[in-house]
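Listing of upload_34.txt, compact mmCIF, C-alpha atoms and all ligand atoms
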```
# COMPACT_ATOMS: atom_id res chain seq x y z
CA MET U 1 9.39 15.79 -18.65
CA SER U 2 7.22 12.66 -19.08
CA ASN U 3 4.07 12.52 -17.05
CA LEU U 4 1.61 10.07 -15.55
CA SER U 5 -1.22 8.72 -17.72
CA VAL U 6 -3.74 9.53 -14.94
CA ASP U 7 -4.93 12.70 -13.15
CA HIS U 8 -5.69 10.87 -9.87
CA LEU U 9 -4.17 7.90 -8.04
CA LEU U 10 -7.26 5.76 -7.46
CA GLY U 11 -5.71 2.31 -7.79
CA ILE U 12 -2.80 0.46 -9.39
CA LYS U 13 -5.37 -1.02 -11.79
CA TYR U 14 -5.57 2.35 -13.56
CA LEU U 15 -1.78 2.77 -14.01
CA ASN U 16 0.41 1.37 -16.78
CA SER U 17 3.94 0.02 -16.47
CA LYS U 18 5.40 3.33 -17.69
CA ASP U 19 3.61 5.11 -14.84
CA LEU U 20 5.18 2.70 -12.34
CA LYS U 21 8.63 3.24 -13.86
CA LEU U 22 8.20 7.03 -13.72
CA ILE U 23 7.04 6.94 -10.08
CA PHE U 24 10.03 4.75 -9.12
CA GLU U 25 12.53 7.00 -10.95
CA THR U 26 11.04 10.07 -9.27
CA ALA U 27 11.08 8.29 -5.89
CA ASN U 28 14.81 7.52 -6.39
CA HIS U 29 15.42 11.26 -6.60
CA PHE U 30 13.29 12.03 -3.53
CA LYS U 31 14.90 9.20 -1.54
CA GLU U 32 18.24 10.91 -2.11
CA VAL U 33 16.67 14.24 -1.02
CA ILE U 34 15.25 12.90 2.26
CA ASN U 35 18.59 11.38 3.18
CA ARG U 36 20.29 14.80 2.93
CA LYS U 37 20.92 16.97 5.98
CA ILE U 38 18.39 19.48 4.60
CA LYS U 39 15.46 17.23 3.68
CA LYS U 40 13.07 19.83 2.30
CA VAL U 41 12.59 20.96 -1.31
CA PRO U 42 10.27 23.74 -2.59
CA SER U 43 8.61 21.55 -5.27
CA LEU U 44 5.01 21.89 -3.95
CA ARG U 45 5.22 25.40 -2.50
CA ASP U 46 1.77 27.04 -2.91
CA VAL U 47 0.06 23.64 -3.30
CA THR U 48 -2.45 22.88 -0.54
CA ILE U 49 -3.25 19.25 0.28
CA ALA U 50 -6.01 17.92 2.54
CA ASN U 51 -5.53 14.55 4.25
CA LEU U 52 -9.00 13.09 4.88
CA PHE U 53 -8.83 10.02 7.09
CA PHE U 54 -12.19 8.35 7.76
CA GLU U 55 -10.41 5.27 9.12
CA ASN U 56 -7.47 4.75 11.49
CA SER U 57 -3.92 4.90 10.19
CA THR U 58 -0.41 5.21 11.61
CA ARG U 59 2.02 4.68 8.70
CA THR U 60 0.05 6.02 5.75
CA LYS U 61 -1.16 9.19 7.46
CA ILE U 62 2.23 10.14 8.90
CA SER U 63 4.01 9.19 5.68
CA PHE U 64 1.74 11.34 3.49
CA GLU U 65 2.02 14.29 5.88
CA LEU U 66 5.79 14.01 6.09
CA ALA U 67 6.04 13.69 2.29
CA GLN U 68 3.90 16.83 1.89
CA LYS U 69 6.02 18.78 4.36
CA ARG U 70 9.27 17.63 2.70
CA LEU U 71 7.82 19.01 -0.58
CA SER U 72 6.88 22.33 1.14
CA ALA U 73 3.14 21.88 0.51
CA ASP U 74 0.56 23.44 2.85
CA VAL U 75 -1.16 20.61 4.72
CA ILE U 76 -4.51 20.29 6.45
CA ASN U 77 -5.52 17.18 8.35
CA PHE U 78 -9.10 16.01 8.77
CA SER U 79 -10.24 13.13 10.90
CA SER U 80 -13.86 12.02 10.64
CA SER U 81 -14.32 11.51 14.40
CA ALA U 82 -13.74 15.22 15.07
CA SER U 83 -15.73 16.52 12.07
CA SER U 84 -19.30 17.39 11.08
CA VAL U 85 -19.64 13.99 9.33
CA SER U 86 -21.03 12.80 12.67
CA LYS U 87 -23.83 15.41 12.23
CA GLY U 88 -24.93 13.79 8.96
CA GLU U 89 -22.94 15.69 6.31
CA THR U 90 -22.32 13.71 3.10
CA LEU U 91 -18.84 12.86 1.79
CA ILE U 92 -19.32 15.09 -1.28
CA ASP U 93 -20.52 18.05 0.80
CA THR U 94 -17.66 17.59 3.26
CA VAL U 95 -15.03 17.51 0.49
CA ASN U 96 -16.60 20.37 -1.51
CA ASN U 97 -16.58 22.56 1.61
CA ILE U 98 -12.90 21.79 2.14
CA LEU U 99 -12.12 22.41 -1.55
CA SER U 100 -13.88 25.80 -1.49
CA MET U 101 -11.08 26.94 0.85
CA LYS U 102 -8.72 26.59 -2.17
CA VAL U 103 -7.38 23.11 -1.54
CA ASP U 104 -5.63 21.57 -4.58
CA MET U 105 -5.35 17.88 -3.77
CA VAL U 106 -7.17 15.39 -1.55
CA VAL U 107 -5.65 12.29 0.06
CA ILE U 108 -8.46 10.05 1.30
CA ARG U 109 -8.66 6.88 3.38
CA HIS U 110 -12.18 5.53 3.67
CA PRO U 111 -13.74 2.23 4.82
CA SER U 112 -15.95 1.98 1.69
CA PRO U 113 -14.47 0.29 -1.41
CA GLY U 114 -14.68 2.74 -4.32
CA ALA U 115 -14.84 5.90 -2.15
CA SER U 116 -11.93 7.55 -3.97
CA VAL U 117 -13.31 6.68 -7.44
CA PHE U 118 -16.69 8.07 -6.32
CA LEU U 119 -15.05 11.30 -5.17
CA SER U 120 -13.02 11.70 -8.36
CA ASN U 121 -16.31 11.51 -10.33
CA ASN U 122 -18.11 14.00 -8.12
CA VAL U 123 -15.69 16.72 -7.00
CA ASN U 124 -13.27 18.95 -8.87
CA SER U 125 -9.92 18.02 -7.37
CA CYS U 126 -7.00 15.64 -7.69
CA ILE U 127 -7.76 12.56 -5.56
CA ILE U 128 -5.23 10.14 -4.05
CA ASN U 129 -6.50 6.88 -2.58
CA ALA U 130 -4.81 6.15 0.76
CA GLY U 131 -6.79 2.89 1.15
CA ASP U 132 -10.49 2.30 0.41
CA GLY U 133 -12.03 -0.61 2.30
CA THR U 134 -11.15 -3.97 0.78
CA HIS U 135 -10.47 -2.43 -2.66
CA GLU U 136 -7.01 -0.86 -3.20
CA HIS U 137 -4.10 0.73 -1.33
CA PRO U 138 -2.02 1.95 -4.28
CA THR U 139 0.80 3.80 -2.48
CA GLN U 140 1.36 0.72 -0.27
CA ALA U 141 1.79 -1.48 -3.35
CA LEU U 142 4.11 1.08 -4.95
CA LEU U 143 6.33 1.22 -1.87
CA ASP U 144 6.26 -2.59 -1.53
CA ALA U 145 7.33 -3.18 -5.15
CA TYR U 146 9.92 -0.36 -4.96
CA SER U 147 11.41 -1.94 -1.82
CA VAL U 148 11.68 -5.42 -3.37
CA LYS U 149 13.13 -3.95 -6.56
CA GLU U 150 15.73 -2.13 -4.47
CA LYS U 151 16.85 -5.52 -3.08
CA ILE U 152 16.65 -7.82 -6.13
CA GLY U 153 16.54 -5.51 -9.16
CA ASP U 154 14.19 -5.83 -12.13
CA LEU U 155 11.04 -7.70 -11.09
CA LYS U 156 10.44 -9.30 -14.50
CA ASN U 157 9.83 -13.05 -13.95
CA LYS U 158 10.47 -12.73 -10.21
CA LYS U 159 8.22 -14.78 -7.92
CA ILE U 160 6.15 -12.90 -5.37
CA LEU U 161 4.07 -14.62 -2.69
CA ILE U 162 1.27 -12.93 -0.72
CA VAL U 163 0.16 -14.82 2.40
CA GLY U 164 -2.84 -14.37 4.68
CA ASP U 165 -6.23 -12.72 4.51
CA ILE U 166 -6.42 -12.04 0.78
CA LEU U 167 -10.21 -11.70 0.84
CA HIS U 168 -10.33 -8.58 3.02
CA SER U 169 -7.01 -7.04 2.01
CA ARG U 170 -6.70 -3.94 -0.17
CA VAL U 171 -2.92 -4.41 -0.01
CA ALA U 172 -3.25 -7.82 -1.71
CA LEU U 173 -5.20 -6.52 -4.72
CA SER U 174 -2.94 -3.48 -5.25
CA ASN U 175 0.14 -5.72 -4.85
CA ILE U 176 -1.16 -8.17 -7.45
CA TYR U 177 -1.73 -5.39 -10.01
CA ALA U 178 1.63 -3.73 -9.30
CA TYR U 179 3.79 -6.87 -9.46
CA GLN U 180 2.06 -8.12 -12.60
CA LYS U 181 2.52 -4.74 -14.35
CA LEU U 182 6.23 -5.05 -13.48
CA GLY U 183 6.37 -8.53 -15.05
CA ALA U 184 6.48 -10.64 -11.86
CA ASN U 185 4.54 -13.85 -11.16
CA VAL U 186 2.21 -13.77 -8.18
CA THR U 187 0.95 -16.59 -5.94
CA VAL U 188 -1.40 -16.13 -2.98
CA CYS U 189 -1.51 -18.47 0.01
CA GLY U 190 -3.95 -18.71 2.90
CA PRO U 191 -7.01 -20.57 4.14
CA LYS U 192 -9.41 -21.23 1.23
CA SER U 193 -12.07 -19.26 3.09
CA LEU U 194 -9.86 -16.15 2.92
CA ILE U 195 -9.05 -16.38 -0.80
CA PRO U 196 -11.60 -14.69 -3.08
CA LYS U 197 -13.12 -16.85 -5.83
CA TYR U 198 -12.23 -14.30 -8.56
CA ILE U 199 -8.50 -14.47 -7.81
CA GLU U 200 -7.59 -17.00 -10.53
CA SER U 201 -9.23 -14.74 -13.13
CA LEU U 202 -6.44 -12.25 -12.29
CA ASN U 203 -3.84 -14.80 -13.44
CA VAL U 204 -2.75 -15.40 -9.85
CA LYS U 205 -1.89 -18.89 -8.62
CA VAL U 206 -3.39 -20.19 -5.37
CA GLU U 207 -1.42 -22.37 -2.94
CA THR U 208 -2.63 -23.59 0.47
CA ASP U 209 0.68 -25.21 1.51
CA LEU U 210 2.77 -22.39 3.02
CA LEU U 211 6.10 -24.26 2.90
CA LYS U 212 5.66 -25.18 -0.76
CA ALA U 213 4.75 -21.59 -1.61
CA LEU U 214 7.74 -20.20 0.30
CA LYS U 215 10.11 -22.61 -1.49
CA TRP U 216 8.81 -21.19 -4.81
CA CYS U 217 9.09 -17.46 -4.04
CA ASP U 218 11.79 -14.77 -4.15
CA ALA U 219 9.84 -12.46 -1.83
CA VAL U 220 6.88 -12.89 0.50
CA ASN U 221 4.40 -10.31 1.79
CA MET U 222 2.80 -11.48 5.07
CA LEU U 223 -0.63 -9.95 5.59
CA ARG U 224 -2.55 -9.41 8.80
CA ILE U 225 -5.94 -10.99 9.42
CA GLN U 226 -8.34 -8.05 8.94
CA ASN U 227 -10.57 -8.79 11.93
CA GLU U 228 -12.19 -5.36 11.65
CA ARG U 229 -13.72 -6.38 8.28
CA MET U 230 -15.00 -9.79 9.42
CA SER U 231 -18.51 -10.36 10.70
CA GLU U 232 -18.03 -14.13 11.01
CA SER U 233 -15.22 -16.61 11.68
CA TYR U 234 -13.23 -17.72 8.60
CA PHE U 235 -11.06 -20.39 10.31
CA PRO U 236 -11.44 -22.55 13.43
CA SER U 237 -9.02 -20.71 15.74
CA ILE U 238 -6.02 -18.34 15.72
CA ARG U 239 -3.87 -21.22 17.01
CA GLU U 240 -4.69 -23.32 13.95
CA TYR U 241 -4.16 -20.34 11.64
CA VAL U 242 -0.70 -19.74 13.15
CA GLN U 243 0.18 -23.43 12.77
CA GLN U 244 -0.69 -23.44 9.06
CA PHE U 245 0.03 -19.92 7.84
CA GLY U 246 2.26 -18.21 10.45
CA LEU U 247 5.86 -17.49 9.42
CA ASN U 248 8.44 -18.49 12.03
CA LYS U 249 12.23 -18.89 12.12
CA GLN U 250 12.10 -22.67 11.84
CA ILE U 251 10.23 -22.40 8.52
CA VAL U 252 12.51 -19.63 7.21
CA ASP U 253 15.65 -21.65 8.14
CA SER U 254 14.26 -24.78 6.47
CA LEU U 255 14.11 -23.02 3.08
CA ASN U 256 17.90 -23.14 2.58
CA LYS U 257 17.72 -19.91 0.57
CA GLU U 258 17.32 -16.21 1.31
CA ILE U 259 13.93 -14.72 0.60
CA ILE U 260 12.79 -11.14 1.15
CA ILE U 261 10.19 -10.86 3.90
CA MET U 262 7.73 -7.96 3.85
CA HIS U 263 4.78 -6.83 5.92
CA PRO U 264 2.69 -3.72 5.25
CA GLY U 265 1.95 -3.20 8.96
CA PRO U 266 0.38 -3.10 11.43
CA ILE U 267 1.94 -6.42 12.50
CA ASN U 268 0.20 -8.85 14.83
CA ARG U 269 3.38 -10.36 16.25
CA GLY U 270 3.05 -14.07 16.91
CA VAL U 271 0.12 -14.46 14.51
CA GLU U 272 1.08 -14.00 10.83
CA ILE U 273 4.77 -13.54 11.68
CA THR U 274 6.93 -14.12 14.77
CA SER U 275 9.01 -11.29 16.25
CA GLU U 276 12.17 -13.24 15.48
CA VAL U 277 11.36 -13.20 11.74
CA ALA U 278 9.90 -9.67 11.66
CA ASP U 279 13.07 -8.29 13.27
CA SER U 280 15.48 -10.46 11.23
CA ASP U 281 17.89 -9.29 8.50
CA GLN U 282 15.69 -10.87 5.82
CA ALA U 283 12.74 -8.65 6.77
CA ILE U 284 12.56 -5.26 5.03
CA ILE U 285 9.55 -3.97 6.97
CA LEU U 286 11.15 -0.70 8.10
CA ASP U 287 12.73 -0.16 4.65
CA GLN U 288 9.18 -0.33 3.28
CA VAL U 289 8.10 2.41 5.71
CA GLU U 290 11.15 4.56 4.85
CA ASN U 291 10.52 4.16 1.11
CA GLY U 292 6.87 5.10 1.60
CA VAL U 293 7.81 8.75 2.11
CA ALA U 294 9.82 8.92 -1.14
CA ILE U 295 7.09 7.08 -3.07
CA ARG U 296 4.36 9.43 -1.77
CA MET U 297 6.53 12.48 -2.54
CA ALA U 298 6.91 11.15 -6.09
CA VAL U 299 3.17 10.50 -6.52
CA MET U 300 2.13 13.95 -5.24
CA TYR U 301 4.88 15.72 -7.19
CA LEU U 302 3.87 14.02 -10.46
CA LEU U 303 0.14 14.60 -9.94
CA ALA U 304 0.69 18.24 -8.90
CA SER U 305 2.44 18.90 -12.22
CA LYS U 306 -0.94 18.18 -13.89
CA LEU U 307 -2.96 20.57 -11.73
CA TYR U 308 -2.72 23.76 -13.75
N1 LIG U 401 0.15 -0.14 5.93
C1 LIG U 401 -0.82 0.68 6.34
O1 LIG U 401 -1.70 1.12 5.57
O2 LIG U 401 -0.73 1.02 7.66
P1 LIG U 401 -1.68 2.08 8.39
O3 LIG U 401 -3.06 1.48 8.44
O4 LIG U 401 -1.08 2.28 9.76
O5 LIG U 401 -1.67 3.34 7.58
```
Let's see the structure in the file written out as structure tokens.
Amino acid sequence: MSNLSVDHLLGIKYLNSKDLKLIFETANHFKEVINRKIKKVPSLRDVTIANLFFENSTRTKISFELAQKRLSADVINFSSSASSVSKGETLIDTVNNILSMKVDMVVIRHPSPGASVFLSNNVNSCIINAGDGTHEHPTQALLDAYSVKEKIGDLKNKKILIVGDILHSRVALSNIYAYQKLGANVTVCGPKSLIPKYIESLNVKVETDLLKALKWCDAVNMLRIQNERMSESYFPSIREYVQQFGLNKQIVDSLNKEIIIMHPGPINRGVEITSEVADSDQAIILDQVENGVAIRMAVMYLLASKLY
């Protein structure tokens, strides 16, 4: 069997296009499994996985846990608010204590960019990044690209648009790496204040006219404004943001073509996207969530095969 080129999943940046292909092929198999009446396989029996969430999560946390249970892994869940981190314990000490109980793999979400890379350099375990600050959210990008591919096939030369708060979004950076490694062209759109200066060095185009950008694309990923990562105001008011960068039915209808509409969640309905669009047939938001379980099963299965 072919294998991943990496021992951890720290970011899409560290994967190659063969890795992406292998993850997608493996996810195809697991998607078929989780749609059976009996959804569980013994693939990770005797593997113990710790889910360490130092930041809130609904989709990613449940999706990883469900994926682990479908693979028959033993699962422990850690949340920082109920742990000894509040008593001053370091991240390395916390993880090493958990690992000493014979844990094989660590899934970590952390508010600090680089937390998963830091851990992989300092503890002896397989590390999976479930989102680290404004840096990367690799399994989100994998499930996003897998979901678009499912709808429109090979992504080579396809046009992908990412709209919103690019500056504070880990989804944006992981998406850019993933789509480019799959041969797609990427444009970002949003207020100039929310587009990082380095973005053009990644071979990404910048557009501030939403309608023009939408007319160009095959698929759009609408991102939330990450208020929790902002210490100052980046645009005059939410009302003006919605007027310029919110996706509504009138705009979608004016395109005279079908585009795929994505959102990683959580959605702020009526801000970056209206309910009418989020709940429309063109939106694949719940397909993304469904595919997340198969993608995470594939990632953990492939990494577990490198453990021993
Ligand atoms: N998409 C995403 O990461 O959602 P959660 O923050 O709910 O996990």
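Atom CA of U:Val95 is found 27.1 Å from atom CA of U:Asp19.
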Write out as CSV a residue-level contact list of chain U versus ligand LIG 401 (chain U) with cut-off 10 Å: for each qualifying residue the closest pair of atoms and the distance in Å to one decimal, counting all atoms listed in the file, rows sorted by chain and residue number upward.
```
residue,atom,partner,partner_atom,distance
U:Phe53,CA,U:LIG401,O5,9.8
U:Glu55,CA,U:LIG401,O3,8.3
U:Asn56,CA,U:LIG401,O3,6.3
U:Ser57,CA,U:LIG401,O5,3.8
U:Thr58,CA,U:LIG401,O4,3.5
U:Arg59,CA,U:LIG401,O4,4.1
U:Thr60,CA,U:LIG401,O5,3.7
U:Lys61,CA,U:LIG401,O5,5.9
U:Ile62,CA,U:LIG401,O5,7.9
U:Ser63,CA,U:LIG401,O5,8.4
U:Phe64,CA,U:LIG401,O5,9.6
U:Arg109,CA,U:LIG401,O5,8.9
U:Ala130,CA,U:LIG401,O1,7.6
U:Gly131,CA,U:LIG401,O1,7.0
U:His137,CA,U:LIG401,O1,7.3
U:Pro138,CA,U:LIG401,O1,9.9
U:Thr139,CA,U:LIG401,O1,8.8
U:Gln140,CA,U:LIG401,N1,6.4
U:Ala141,CA,U:LIG401,N1,9.5
U:Asp144,CA,U:LIG401,N1,9.9
U:Arg170,CA,U:LIG401,O1,9.1
U:Val171,CA,U:LIG401,N1,7.9
U:Leu223,CA,U:LIG401,N1,9.8
U:His263,CA,U:LIG401,N1,8.1
U:Pro264,CA,U:LIG401,N1,4.4
U:Gly265,CA,U:LIG401,N1,4.7
U:Pro266,CA,U:LIG401,O2,5.7
U:Ile267,CA,U:LIG401,N1,9.3
U:Gln288,CA,U:LIG401,N1,9.4
U:Val289,CA,U:LIG401,N1,8.4
U:Gly292,CA,U:LIG401,N1,9.6
```
Which residues, written as a list in words, have at least one atom at most 7 Å from U:Asn248, with all atoms listed in the file counted and residues fewer than 5 positions away on the same chain left out?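 Final neighbour list, sorted by chain and number: Ile273, Thr274 and Val277 of chain U.
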Under the rule that all atoms listed in the file are counted, which of U:Cys189, U:Ala278, U:Ile195, U:Ala145 is the nearest residue to U:Gln244?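 Ranking U:Cys189, U:Ala278, U:Ile195, U:Ala145 by distance to U:Gln244, first place goes to U:Cys189.
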Restricting to all atoms listed in the file, whichever of U:His29, U:Glu200, U:Met300, U:Ser254 is closest to U:Ile49 is U:Met300
